[in-house]
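As stored in data-v8.cif (mmCIF, C-alpha atoms):
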```cif
data_final
#
loop_
_atom_site.label_atom_id
_atom_site.label_comp_id
_atom_site.auth_asym_id
_atom_site.auth_seq_id
_atom_site.Cartn_x
_atom_site.Cartn_y
_atom_site.Cartn_z
CA MET A 18 57.31 93.30 114.17
CA GLN A 19 57.39 95.21 117.38
CA THR A 20 56.91 98.92 117.20
CA PRO A 21 59.59 100.88 119.00
CA THR A 22 58.37 102.28 122.24
CA PRO A 23 58.64 106.04 122.49
CA MET A 24 61.36 107.34 124.71
CA PRO A 25 60.13 108.35 128.15
CA SER A 26 59.98 112.08 128.40
CA THR A 27 62.90 113.43 130.36
CA PRO A 28 62.53 116.39 132.69
CA SER A 29 62.86 119.37 130.40
CA LEU A 30 66.40 120.67 130.25
CA THR A 31 65.62 123.57 128.04
CA THR A 32 68.26 126.01 126.91
CA ASP A 33 65.56 128.60 126.38
CA THR A 34 66.46 131.73 128.32
CA SER A 35 63.19 133.65 127.99
CA ASP A 36 62.34 133.07 131.65
CA VAL A 37 65.59 134.61 132.77
CA LEU A 38 65.15 137.53 130.41
CA GLN A 39 61.70 138.12 131.86
CA LEU A 40 63.10 138.12 135.39
CA LEU A 41 65.82 140.54 134.34
CA ALA A 42 63.34 142.86 132.65
CA ASP A 43 61.16 142.87 135.77
CA ARG A 44 64.12 143.79 137.93
CA PHE A 45 66.25 146.07 135.77
CA GLY A 46 63.93 147.33 133.06
CA ALA A 47 64.51 146.86 129.38
CA LEU A 48 68.05 145.81 128.51
CA ASP A 49 69.48 145.64 125.00
CA THR A 50 68.98 141.98 124.14
CA SER A 51 69.57 140.04 120.97
CA SER A 52 69.59 136.42 119.96
CA PHE A 53 71.48 134.48 117.32
CA ARG A 54 71.08 130.74 116.78
CA ASP A 55 69.62 130.23 120.26
CA GLN A 56 72.40 132.18 121.90
CA THR A 57 71.22 135.13 123.93
CA ARG A 58 73.24 138.25 124.36
CA ILE A 59 72.48 141.04 126.81
CA VAL A 60 74.20 144.41 126.87
CA VAL A 61 74.45 145.75 130.40
CA PRO A 62 75.44 149.32 131.24
CA GLU A 63 78.58 149.47 133.34
CA SER A 64 76.73 151.32 136.10
CA GLU A 65 74.68 148.25 137.03
CA SER A 66 76.97 145.51 135.74
CA LEU A 67 77.69 143.91 139.08
CA GLU A 68 74.06 144.01 140.16
CA VAL A 69 72.97 142.23 136.99
CA LEU A 70 75.73 139.65 137.30
CA ALA A 71 74.89 138.99 140.93
CA PHE A 72 71.23 138.66 140.05
CA LEU A 73 72.06 136.18 137.31
CA LYS A 74 74.22 134.16 139.63
CA ASP A 75 71.38 133.97 142.12
CA SER A 76 69.10 132.92 139.25
CA GLY A 77 71.18 129.83 138.66
CA PHE A 78 74.07 130.91 136.45
CA ASP A 79 76.63 129.39 138.75
CA MET A 80 79.47 129.11 136.27
CA LEU A 81 81.58 131.77 134.62
CA VAL A 82 82.80 130.05 131.47
CA ASP A 83 84.92 132.87 130.14
CA LEU A 84 85.59 136.53 130.58
CA THR A 85 87.39 138.36 127.84
CA CYS A 86 87.46 141.59 125.94
CA VAL A 87 87.34 142.97 122.40
CA ASP A 88 88.92 146.22 121.31
CA TYR A 89 86.60 147.92 118.81
CA LEU A 90 88.98 150.72 117.91
CA GLU A 91 88.10 151.85 114.36
CA TYR A 92 85.63 149.01 114.11
CA ARG A 93 82.82 149.68 111.65
CA GLY A 94 79.78 151.05 113.48
CA ALA A 95 81.23 150.69 116.97
CA LYS A 96 80.34 153.39 119.48
CA ARG A 97 82.37 152.32 122.51
CA ARG A 98 85.93 151.13 122.41
CA TYR A 99 86.16 148.11 124.71
CA GLY A 100 83.54 145.37 124.85
CA LEU A 101 83.86 142.96 127.74
CA VAL A 102 82.38 139.52 127.24
CA TYR A 103 81.04 137.40 130.09
CA LEU A 104 80.00 133.89 129.13
CA LEU A 105 77.71 132.47 131.81
CA ALA A 106 76.32 128.98 132.12
CA SER A 107 73.95 127.24 134.45
CA THR A 108 75.05 123.76 135.36
CA LEU A 109 71.50 123.06 136.58
CA THR A 110 69.50 123.95 133.50
CA ASN A 111 72.08 124.06 130.69
CA GLN A 112 71.12 127.64 129.95
CA ARG A 113 73.79 129.92 128.61
CA LEU A 114 74.01 133.69 128.49
CA THR A 115 76.41 136.20 127.01
CA ILE A 116 76.76 139.47 128.86
CA ARG A 117 78.41 142.41 127.14
CA ILE A 118 79.66 145.47 129.01
CA PHE A 119 81.03 148.32 126.94
CA VAL A 120 83.50 150.83 128.34
CA ASP A 121 85.64 153.63 126.99
CA ASP A 122 89.00 155.11 127.78
CA PRO A 123 88.62 157.70 130.51
CA VAL A 124 88.87 161.30 129.42
CA VAL A 125 92.29 162.49 130.47
CA ASP A 126 92.70 165.95 131.85
CA GLU A 127 95.36 167.70 129.80
CA HIS A 128 97.08 169.07 132.88
CA THR A 129 97.56 165.70 134.50
CA ALA A 130 98.59 164.20 131.18
CA LEU A 131 101.35 166.77 130.73
CA SER A 132 102.73 166.53 134.23
CA ASP A 133 105.65 164.28 135.07
CA GLY A 134 103.76 161.31 133.81
CA PRO A 135 101.85 158.94 135.98
CA ALA A 136 103.45 155.83 137.33
CA PRO A 137 102.59 152.76 135.26
CA THR A 138 100.12 151.53 137.86
CA ASP A 139 98.26 154.82 137.79
CA LYS A 140 97.74 155.04 134.06
CA PRO A 141 94.24 156.16 133.21
CA MET A 142 92.38 153.05 132.16
CA PRO A 143 88.84 152.05 131.46
CA THR A 144 87.42 150.65 134.66
CA VAL A 145 84.75 148.12 135.51
CA ARG A 146 83.90 146.40 138.74
CA SER A 147 85.44 143.03 139.40
CA ALA A 148 83.39 139.86 139.28
CA VAL A 149 85.74 137.96 141.59
CA PRO A 150 83.34 138.25 144.56
CA LEU A 151 80.78 136.36 142.46
CA TRP A 152 82.89 133.78 140.63
CA ALA A 153 86.42 132.89 141.73
CA ALA A 154 87.07 131.94 138.10
CA ALA A 155 87.08 135.63 137.27
CA ASN A 156 90.37 136.14 139.08
CA TRP A 157 92.85 135.09 136.41
CA LEU A 158 90.49 135.96 133.57
CA GLU A 159 90.36 139.56 134.75
CA ARG A 160 94.11 139.61 135.23
CA GLU A 161 94.48 138.48 131.64
CA VAL A 162 92.16 141.21 130.35
CA PHE A 163 94.01 143.75 132.48
CA ASP A 164 97.34 142.55 131.11
CA LEU A 165 96.47 142.46 127.44
CA PHE A 166 93.82 145.18 127.12
CA GLY A 167 94.55 147.52 129.99
CA VAL A 168 91.12 147.39 131.59
CA ARG A 169 91.18 147.89 135.35
CA PHE A 170 88.88 145.85 137.55
CA LEU A 171 87.82 147.63 140.71
CA GLY A 172 87.83 145.39 143.75
CA HIS A 173 90.03 142.71 142.24
CA PRO A 174 92.10 141.16 145.05
CA ASP A 175 95.35 140.82 143.07
CA LEU A 176 95.35 142.74 139.80
CA ARG A 177 98.76 141.89 138.36
CA ARG A 178 99.81 141.00 134.85
CA LEU A 179 99.11 137.38 134.00
CA VAL A 180 101.05 136.54 130.84
CA MET A 181 103.41 139.38 129.98
CA PRO A 182 106.50 140.03 132.13
CA ASP A 183 105.97 142.28 135.12
CA ALA A 184 108.19 144.99 133.68
CA PHE A 185 106.15 145.20 130.48
CA THR A 186 104.44 148.56 130.19
CA ALA A 187 102.10 148.21 127.20
CA HIS A 188 98.86 146.32 126.68
CA PRO A 189 99.59 144.39 123.51
CA LEU A 190 96.14 143.29 122.39
CA ARG A 191 94.96 146.87 122.04
CA LYS A 192 94.46 147.69 118.40
CA ASP A 193 96.72 150.74 118.57
CA TYR A 194 99.65 148.62 119.75
CA PRO A 195 101.88 147.67 116.81
CA LEU A 196 101.96 143.97 115.95
CA GLN A 197 105.73 143.84 116.15
CA GLY A 198 105.83 145.72 119.41
CA ARG A 199 107.76 148.80 120.34
CA GLY A 200 111.16 147.13 120.55
CA GLU A 201 110.58 145.14 123.74
CA ARG A 202 111.65 141.94 122.03
CA HIS A 203 115.04 143.45 121.18
CA ASN A 204 115.72 145.01 124.56
CA PHE A 205 118.03 142.46 126.13
CA PRO A 206 121.70 142.32 127.09
CA ILE A 207 123.82 140.70 124.37
CA LEU A 208 125.91 137.82 125.64
CA THR A 209 129.13 137.08 123.80
CA ARG A 210 131.84 134.50 124.31
CA ASP A 211 133.49 137.10 126.50
CA ASP A 212 130.75 136.76 129.05
CA GLY A 213 131.81 133.32 130.14
CA MET B 12 168.03 111.97 115.81
CA ALA B 13 165.25 109.62 114.87
CA LEU B 14 163.42 108.45 117.96
CA GLU B 15 162.56 104.83 118.11
CA LEU B 16 158.91 104.39 119.11
CA PRO B 17 157.25 101.13 119.92
CA GLU B 18 154.40 100.16 117.62
CA ASN B 19 151.71 100.84 120.23
CA VAL B 20 152.64 104.50 120.72
CA VAL B 21 151.07 107.31 118.74
CA VAL B 22 152.41 110.82 118.77
CA SER B 23 149.89 113.63 118.58
CA LYS B 24 149.22 117.08 119.88
CA LEU B 25 147.46 117.45 123.20
CA ASP B 26 144.99 119.82 121.55
CA GLU B 27 143.96 117.17 119.08
CA LEU B 28 143.55 114.60 121.79
CA ALA B 29 141.31 116.96 123.76
CA ASN B 30 139.29 117.80 120.65
CA TRP B 31 138.86 114.13 119.86
CA CYS B 32 137.51 113.51 123.34
CA ARG B 33 135.28 116.54 123.39
CA LYS B 34 133.71 116.15 119.98
CA ASN B 35 132.77 112.54 120.58
CA SER B 36 131.08 113.10 123.90
CA LEU B 37 128.95 116.17 123.49
CA TRP B 38 126.36 116.37 126.24
CA PRO B 39 123.37 118.27 124.93
CA MET B 40 121.20 120.58 126.97
CA PRO B 41 117.78 120.28 125.33
CA PHE B 42 116.15 123.70 125.38
CA ALA B 43 113.05 122.55 123.55
CA THR B 44 110.11 124.94 123.41
CA ALA B 45 108.15 123.89 120.34
CA CYS B 46 107.73 121.32 117.58
CA CYS B 47 111.49 121.30 116.98
CA GLY B 48 111.69 119.66 120.38
CA ILE B 49 109.72 116.71 119.04
CA GLU B 50 112.25 116.26 116.25
CA LEU B 51 115.00 116.64 118.84
CA MET B 52 113.48 113.79 120.81
CA ALA B 53 113.18 111.73 117.64
CA THR B 54 116.86 112.39 116.99
CA GLY B 55 117.75 110.96 120.37
CA ALA B 56 115.38 108.01 120.07
CA ALA B 57 116.11 104.57 118.69
CA LYS B 58 115.46 105.13 115.00
CA HIS B 59 117.92 107.96 114.45
CA ASP B 60 120.01 107.13 117.50
CA LEU B 61 122.15 110.10 118.34
CA ALA B 62 124.33 107.76 120.39
CA ARG B 63 126.07 106.83 117.13
CA PHE B 64 127.69 110.25 117.34
CA GLY B 65 128.35 110.26 121.05
CA ALA B 66 125.83 112.97 121.82
CA GLU B 67 123.02 110.99 123.35
CA VAL B 68 123.46 112.01 126.97
CA PHE B 69 120.78 114.65 127.32
CA ARG B 70 121.07 116.36 130.67
CA PHE B 71 118.52 118.69 132.12
CA SER B 72 120.99 120.57 134.24
CA PRO B 73 123.16 123.12 132.44
CA ARG B 74 125.95 122.32 134.89
CA GLN B 75 126.43 118.96 133.20
CA CYS B 76 126.15 120.01 129.56
CA ASP B 77 128.40 121.45 126.95
CA LEU B 78 126.07 121.72 123.95
CA MET B 79 122.91 123.78 124.12
CA ILE B 80 120.35 122.90 121.46
CA VAL B 81 117.73 125.63 121.27
CA ALA B 82 114.79 123.94 119.58
CA GLY B 83 111.80 126.19 119.03
CA ARG B 84 110.71 129.76 119.35
CA VAL B 85 111.98 131.80 122.26
CA VAL B 86 109.66 134.46 123.60
CA MET B 87 110.83 137.59 125.32
CA LYS B 88 109.76 136.27 128.70
CA MET B 89 111.86 133.16 128.14
CA LEU B 90 115.03 134.81 126.85
CA PRO B 91 116.43 135.84 130.27
CA VAL B 92 116.02 132.21 131.33
CA LEU B 93 117.84 131.03 128.21
CA GLN B 94 120.69 133.45 128.85
CA ARG B 95 120.94 132.33 132.44
CA ILE B 96 121.14 128.69 131.42
CA TRP B 97 123.83 129.53 128.90
CA LEU B 98 125.86 131.31 131.56
CA GLN B 99 125.47 128.36 133.89
CA MET B 100 127.02 125.92 131.42
CA HIS B 101 130.67 125.07 131.83
CA GLU B 102 133.21 125.75 129.17
CA PRO B 103 134.00 124.68 126.58
CA LYS B 104 130.42 124.96 125.38
CA TRP B 105 128.66 125.26 122.08
CA CYS B 106 125.22 126.25 120.87
CA ILE B 107 123.05 124.94 118.07
CA SER B 108 120.13 127.06 116.95
CA MET B 109 117.66 124.50 115.65
CA GLY B 110 114.93 125.46 113.22
CA ALA B 111 113.59 128.62 111.66
CA CYS B 112 112.13 130.05 114.88
CA ALA B 113 115.23 129.83 117.03
CA SER B 114 117.35 131.17 114.18
CA THR B 115 115.14 134.00 112.92
CA GLY B 116 111.83 134.05 114.75
CA GLY B 117 110.29 132.16 111.84
CA VAL B 118 106.70 133.05 111.04
CA PHE B 119 106.24 134.54 114.50
CA ASP B 120 107.08 138.14 113.71
CA THR B 121 105.24 139.51 116.74
CA TYR B 122 105.94 141.63 119.76
CA ALA B 123 106.59 138.69 122.05
CA VAL B 124 108.93 136.49 119.99
CA VAL B 125 112.68 137.04 119.85
CA GLN B 126 113.76 137.31 116.22
CA GLY B 127 116.68 134.91 116.38
CA ILE B 128 118.55 133.89 119.50
CA ASP B 129 121.86 134.86 117.91
CA ARG B 130 120.97 138.47 118.63
CA PHE B 131 121.61 137.76 122.30
CA LEU B 132 123.68 134.56 122.45
CA PRO B 133 126.69 133.15 120.62
CA VAL B 134 125.54 130.46 118.15
CA ASP B 135 127.85 127.92 116.48
CA MET B 136 125.50 126.07 114.13
CA TYR B 137 122.20 126.96 112.54
CA VAL B 138 119.82 124.26 111.38
CA PRO B 139 117.28 125.32 108.76
CA GLY B 140 113.86 123.74 108.57
CA CYS B 141 110.44 124.04 110.10
CA PRO B 142 110.96 121.76 111.89
CA PRO B 143 114.22 120.22 110.65
CA ARG B 144 114.37 116.48 110.10
CA PRO B 145 116.51 114.53 112.57
CA GLU B 146 119.02 113.98 109.77
CA GLN B 147 119.51 117.73 109.53
CA LEU B 148 120.17 118.03 113.25
CA ILE B 149 122.60 115.12 113.05
CA GLN B 150 124.34 116.87 110.18
CA ALA B 151 124.67 119.98 112.34
CA ILE B 152 126.19 117.92 115.13
CA ILE B 153 128.63 116.29 112.70
CA ASP B 154 129.58 119.72 111.38
CA LEU B 155 130.04 120.94 114.92
CA GLN B 156 132.29 117.96 115.60
CA ASP B 157 134.37 118.92 112.57
CA LYS B 158 134.56 122.46 113.84
CA ILE B 159 135.68 121.31 117.29
CA GLN B 160 138.32 119.02 115.79
CA ARG B 161 139.55 121.75 113.48
CA GLU B 162 139.59 124.74 115.80
CA GLY B 163 139.60 123.41 119.32
CA THR B 164 142.38 123.86 121.82
CA ILE B 165 142.81 122.31 125.19
CA THR B 166 142.78 125.71 126.86
CA GLY B 167 139.83 127.00 124.87
CA ARG B 168 141.91 129.61 123.08
CA GLU B 169 139.53 129.51 120.15
CA PHE B 170 136.90 131.25 122.26
CA ASN B 171 139.25 134.03 123.19
CA THR B 172 138.67 137.45 121.83
CA VAL B 173 140.89 140.45 122.30
CA GLU B 174 138.61 141.83 124.94
CA ARG B 175 138.66 138.63 126.90
CA GLN B 176 142.43 138.34 126.79
CA LEU B 177 142.77 141.89 128.02
CA ARG B 178 140.44 141.12 130.87
CA LYS B 179 142.37 138.03 131.83
CA ARG B 180 145.64 139.89 131.75
CA ALA B 181 144.20 142.63 133.93
CA LEU B 182 143.07 139.96 136.33
CA VAL B 183 146.47 138.42 136.61
CA GLU B 184 148.09 141.78 137.06
CA SER B 185 145.66 142.99 139.66
CA ALA B 186 146.19 139.72 141.57
CA ASP B 187 142.82 140.35 143.02
CA LEU B 188 141.47 137.06 141.85
CA LEU B 189 138.27 137.16 143.80
CA THR B 190 136.75 140.12 142.06
CA VAL B 191 136.77 138.39 138.70
CA ASP B 192 133.58 137.32 137.24
CA ALA B 193 130.19 138.79 137.08
CA SER B 194 130.50 141.76 139.33
CA ARG B 195 132.45 143.69 136.73
CA ASN B 196 130.42 142.78 133.72
CA PRO B 197 127.17 144.67 133.31
CA ASN B 198 125.94 142.22 130.67
CA ILE B 199 126.19 139.29 133.01
CA GLN B 200 124.72 141.20 135.86
CA ARG B 201 121.70 142.14 133.81
CA ALA B 202 121.26 138.65 132.50
CA MET B 203 121.59 137.08 135.92
CA SER B 204 119.32 139.46 137.78
CA ASP B 205 115.88 138.05 138.20
CA ARG B 206 114.11 140.95 136.63
CA SER B 207 116.39 142.24 133.97
CA ALA B 208 115.51 145.61 132.59
CA ILE B 209 113.55 144.21 129.71
CA CYS B 210 110.38 145.66 128.34
CA ARG B 211 110.84 149.26 129.21
CA MET B 212 111.33 151.04 125.95
CA PRO B 213 110.63 154.56 124.81
CA THR B 214 107.23 154.57 123.23
CA ASN B 215 108.00 156.61 120.12
#
```

So that I can check it, write out the structure of this file as structure tokens.
Amino acid sequence: MQTPTPMPSTPSLTTDTSDVLQLLADRFGALDTSSFRDQTRIVVPESESLEVLAFLKDSGFDMLVDLTCVDYLEYRGAKRRYGLVYLLASTLTNQRLTIRIFVDDPVVDEHTALSDGPAPTDKPMPTVRSAVPLWAAANWLEREVFDLFGVRFLGHPDLRRLVMPDAFTAHPLRKDYPLQGRGERHNFPILTRDDG
Amino acid sequence: MALELPENVVVSKLDELANWCRKNSLWPMPFATACCGIELMATGAAKHDLARFGAEVFRFSPRQCDLMIVAGRVVMKMLPVLQRIWLQMHEPKWCISMGACASTGGVFDTYAVVQGIDRFLPVDMYVPGCPPRPEQLIQAIIDLQDKIQREGTITGREFNTVERQLRKRALVESADLLTVDASRNPNIQRAMSDRSAICRMPTN
């Protein structure tokens, strides 16, 4: 009986990210990094978020798989309120990385808060820099986060609401927004048979 | 005084003749947004064959329909569209609210889902179920046919309310027939404007 020939070794397509982490550490110093079931997560301070993302893109992470957000309001052990999630992938090496950027609501000056009230577009919001210059895929993803969480992306070319109607004023996936809304779903004209 | 009628002549009321025509050729407008729409399609397909009841001509233009079947949940972004379609339909027209979501919001008790279209539209028949079986929808159509035969009039008097009659009379008296319609009715104007004043609510 013929013994099966061993498979020829393929060029290594490793998902190990230690080389990237080493490059990052050389460039940006120690970042908060953790790993769970071969998935690597890096927490990046907002101040150098765009630099890190640009560096990673140049290192081969050419694909932004997803960009979303988590509201950690009243979450056990959470220190910052909003945690942005960037899921990066390299189509060349199959490596994947998760980047977390944590931001807070800006501190509102009492005097401005008590004045006539800012226009909806000028509401104080947590702000991060947009990743659209790096990945075009970030465009709608950032609009979605802006719509549902109220996080503003500086430098975004077209930061409008994505899913909720334009006239909507709240950000419904924030944890302090009531599940059943604030009456928006009941705020419509009532048509009767009299209306034609 | 007895009038001699030939055997091939039937005497009836014009209202009943109109009702008989209308109820047996309902043209549905399928407003299908969810799984109820699948059952709606099954109702129109060969097995259940809505054509047996004269209501098989689904039209995707509201201008050609007289029965709107709202099948599925309606979200707040969709409701102005639904109202606009309803206003675009010619009279006489009827509305079936099909399934739990269209009738009450169903399990979707969230900020974005309208809790029953009858809050904002006139509804003639409600179909329970999640989703209802085609037989249930057919039953609703049969019941609607009964209602049309029972209540219908050739002039659509059954839709008249006091308010509407007053408006019509004012129209006739003013003789200014061109200013009828939407321009005087704030409800219609809001529903027809592209961005109706939805969403803005006091936050407390």

Could you tell me which of B:Ile152, B:Val118, B:Met100, B:Met109 comes closest to chain A if we count only C-alpha atoms?
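Of B:Ile152, B:Val118, B:Met100, B:Met109, the one nearest chain A, counting only C-alpha atoms, is B:Met100.
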
For Asn30 of chain B, work out the shell of residues within 6 Å, counting all atoms listed in the file and skipping chain neighbours fewer than 4 positions away, then give it as a list in words.
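Once the nearby chain positions are removed, what remains is Lys34, Gln160 and Gly163 of chain B.
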
Mind pulling up the distance from atom CA of Asp157 of chain B to atom CA of Thr44 of chain B?
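Between atom CA of Thr44 of chain B and atom CA of Asp157 of chain B the gap is 27.2 Å.
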
Residues within 9 Å of (132.0, 136.3, 127.0), file coordinates, counting all atoms listed in the file: what are they? Give the list as a list in words.
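Collected hits near the coordinates: Leu208, Thr209, Arg210, Asp211, Asp212 and Gly213 of chain A; Pro133, Phe170, Asn171, Thr172, Glu174, Arg175 and Ile199 of chain B.
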
Considering all atoms listed in the file, extract the chain A residues located within 12 Å of chain B and return them as an NGL selection string.
:A and (137 or 179-190 or 194-213)

Which distance in Å separates atom CA of Asp77 of chain B and atom CA of Leu148 of chain B, to one decimal?
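Separating atom CA of Asp77 of chain B from atom CA of Leu148 of chain B is a distance of 16.3 Å.
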
So, with all atoms listed in the file as the atoms that count, which of B:Gly48, B:Pro39, B:Pro17, B:Gly167 lies closest to Gly110 of chain B?
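Closest candidate: B:Gly48.
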
From the list A:Gln112, A:Asn156, A:Ser147, A:Gln39, which residue is nearest Leu171 of chain A when using all atoms listed in the file?
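Among the listed residues, the smallest separation from Leu171 of chain A belongs to A:Ser147.
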
Can you work out the spacing between atom CA of Pro150 of chain A and atom CA of Thr85 of chain A in Å, to one decimal?
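For atom CA of Pro150 of chain A relative to atom CA of Thr85 of chain A, the distance reads 17.2 Å.
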
Expanded to explicit residues, what is the PyMOL selection byres ((chain A and resi 43-48) around 10) for this file, as a list of chain:residue names?
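Listing what the PyMOL selection byres ((chain A and resi 43-48) around 10) selects in the shown file: A:Val37, A:Leu38, A:Gln39, A:Leu40, A:Leu41, A:Ala42, A:Asp49, A:Thr50, A:Ser51, A:Ile59, A:Val60, A:Val61, A:Pro62, A:Glu65, A:Glu68, A:Val69, A:Phe72.
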
Selection export as a PDB file, keeping the file's coordinate frame, atoms kept: C-alpha atoms:
```pdb
ATOM      1  CA  VAL A  37      65.590 134.610 132.770  1.00  0.00           C
ATOM      2  CA  LEU A  38      65.150 137.530 130.410  1.00  0.00           C
ATOM      3  CA  GLN A  39      61.700 138.120 131.860  1.00  0.00           C
ATOM      4  CA  LEU A  40      63.100 138.120 135.390  1.00  0.00           C
ATOM      5  CA  LEU A  41      65.820 140.540 134.340  1.00  0.00           C
ATOM      6  CA  ALA A  42      63.340 142.860 132.650  1.00  0.00           C
ATOM      7  CA  ASP A  49      69.480 145.640 125.000  1.00  0.00           C
ATOM      8  CA  THR A  50      68.980 141.980 124.140  1.00  0.00           C
ATOM      9  CA  SER A  51      69.570 140.040 120.970  1.00  0.00           C
ATOM     10  CA  ILE A  59      72.480 141.040 126.810  1.00  0.00           C
ATOM     11  CA  VAL A  60      74.200 144.410 126.870  1.00  0.00           C
ATOM     12  CA  VAL A  61      74.450 145.750 130.400  1.00  0.00           C
ATOM     13  CA  PRO A  62      75.440 149.320 131.240  1.00  0.00           C
ATOM     14  CA  GLU A  65      74.680 148.250 137.030  1.00  0.00           C
ATOM     15  CA  GLU A  68      74.060 144.010 140.160  1.00  0.00           C
ATOM     16  CA  VAL A  69      72.970 142.230 136.990  1.00  0.00           C
ATOM     17  CA  PHE A  72      71.230 138.660 140.050  1.00  0.00           C
TER      18      PHE A  72
END
```

Could I see segment 109-121 of chain B restored to N, CA and C atoms, set down as a PDB file, keeping the file's coordinate frame?
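result.pdb was written with the following content:
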```pdb
ATOM      1  N   MET B 109     118.342 125.501 116.478  1.00  0.00           N
ATOM      2  CA  MET B 109     117.660 124.500 115.650  1.00  0.00           C
ATOM      3  C   MET B 109     116.341 125.047 115.135  1.00  0.00           C
ATOM      4  N   GLY B 110     116.205 125.085 113.820  1.00  0.00           N
ATOM      5  CA  GLY B 110     114.930 125.460 113.220  1.00  0.00           C
ATOM      6  C   GLY B 110     114.802 126.943 112.924  1.00  0.00           C
ATOM      7  N   ALA B 111     113.776 127.253 112.133  1.00  0.00           N
ATOM      8  CA  ALA B 111     113.590 128.620 111.660  1.00  0.00           C
ATOM      9  C   ALA B 111     113.307 129.578 112.816  1.00  0.00           C
ATOM     10  N   CYS B 112     112.544 129.122 113.813  1.00  0.00           N
ATOM     11  CA  CYS B 112     112.130 130.050 114.880  1.00  0.00           C
ATOM     12  C   CYS B 112     113.307 130.454 115.756  1.00  0.00           C
ATOM     13  N   ALA B 113     114.092 129.483 116.175  1.00  0.00           N
ATOM     14  CA  ALA B 113     115.230 129.830 117.030  1.00  0.00           C
ATOM     15  C   ALA B 113     116.226 130.688 116.256  1.00  0.00           C
ATOM     16  N   SER B 114     116.339 130.451 114.955  1.00  0.00           N
ATOM     17  CA  SER B 114     117.350 131.170 114.180  1.00  0.00           C
ATOM     18  C   SER B 114     116.896 132.560 113.770  1.00  0.00           C
ATOM     19  N   THR B 115     115.591 132.710 113.470  1.00  0.00           N
ATOM     20  CA  THR B 115     115.140 134.000 112.920  1.00  0.00           C
ATOM     21  C   THR B 115     113.823 134.489 113.501  1.00  0.00           C
ATOM     22  N   GLY B 116     113.196 133.724 114.351  1.00  0.00           N
ATOM     23  CA  GLY B 116     111.830 134.050 114.750  1.00  0.00           C
ATOM     24  C   GLY B 116     110.797 133.364 113.879  1.00  0.00           C
ATOM     25  N   GLY B 117     111.191 132.909 112.706  1.00  0.00           N
ATOM     26  CA  GLY B 117     110.290 132.160 111.840  1.00  0.00           C
ATOM     27  C   GLY B 117     109.072 132.981 111.436  1.00  0.00           C
ATOM     28  N   VAL B 118     107.922 132.333 111.431  1.00  0.00           N
ATOM     29  CA  VAL B 118     106.700 133.050 111.040  1.00  0.00           C
ATOM     30  C   VAL B 118     106.176 133.918 112.169  1.00  0.00           C
ATOM     31  N   PHE B 119     106.788 133.826 113.338  1.00  0.00           N
ATOM     32  CA  PHE B 119     106.240 134.540 114.500  1.00  0.00           C
ATOM     33  C   PHE B 119     106.877 135.922 114.607  1.00  0.00           C
ATOM     34  N   ASP B 120     106.513 136.800 113.703  1.00  0.00           N
ATOM     35  CA  ASP B 120     107.080 138.140 113.710  1.00  0.00           C
ATOM     36  C   ASP B 120     106.190 139.040 114.570  1.00  0.00           C
ATOM     37  N   THR B 121     106.128 138.751 115.863  1.00  0.00           N
ATOM     38  CA  THR B 121     105.240 139.510 116.740  1.00  0.00           C
ATOM     39  C   THR B 121     106.010 140.090 117.917  1.00  0.00           C
TER      40      THR B 121
END
```
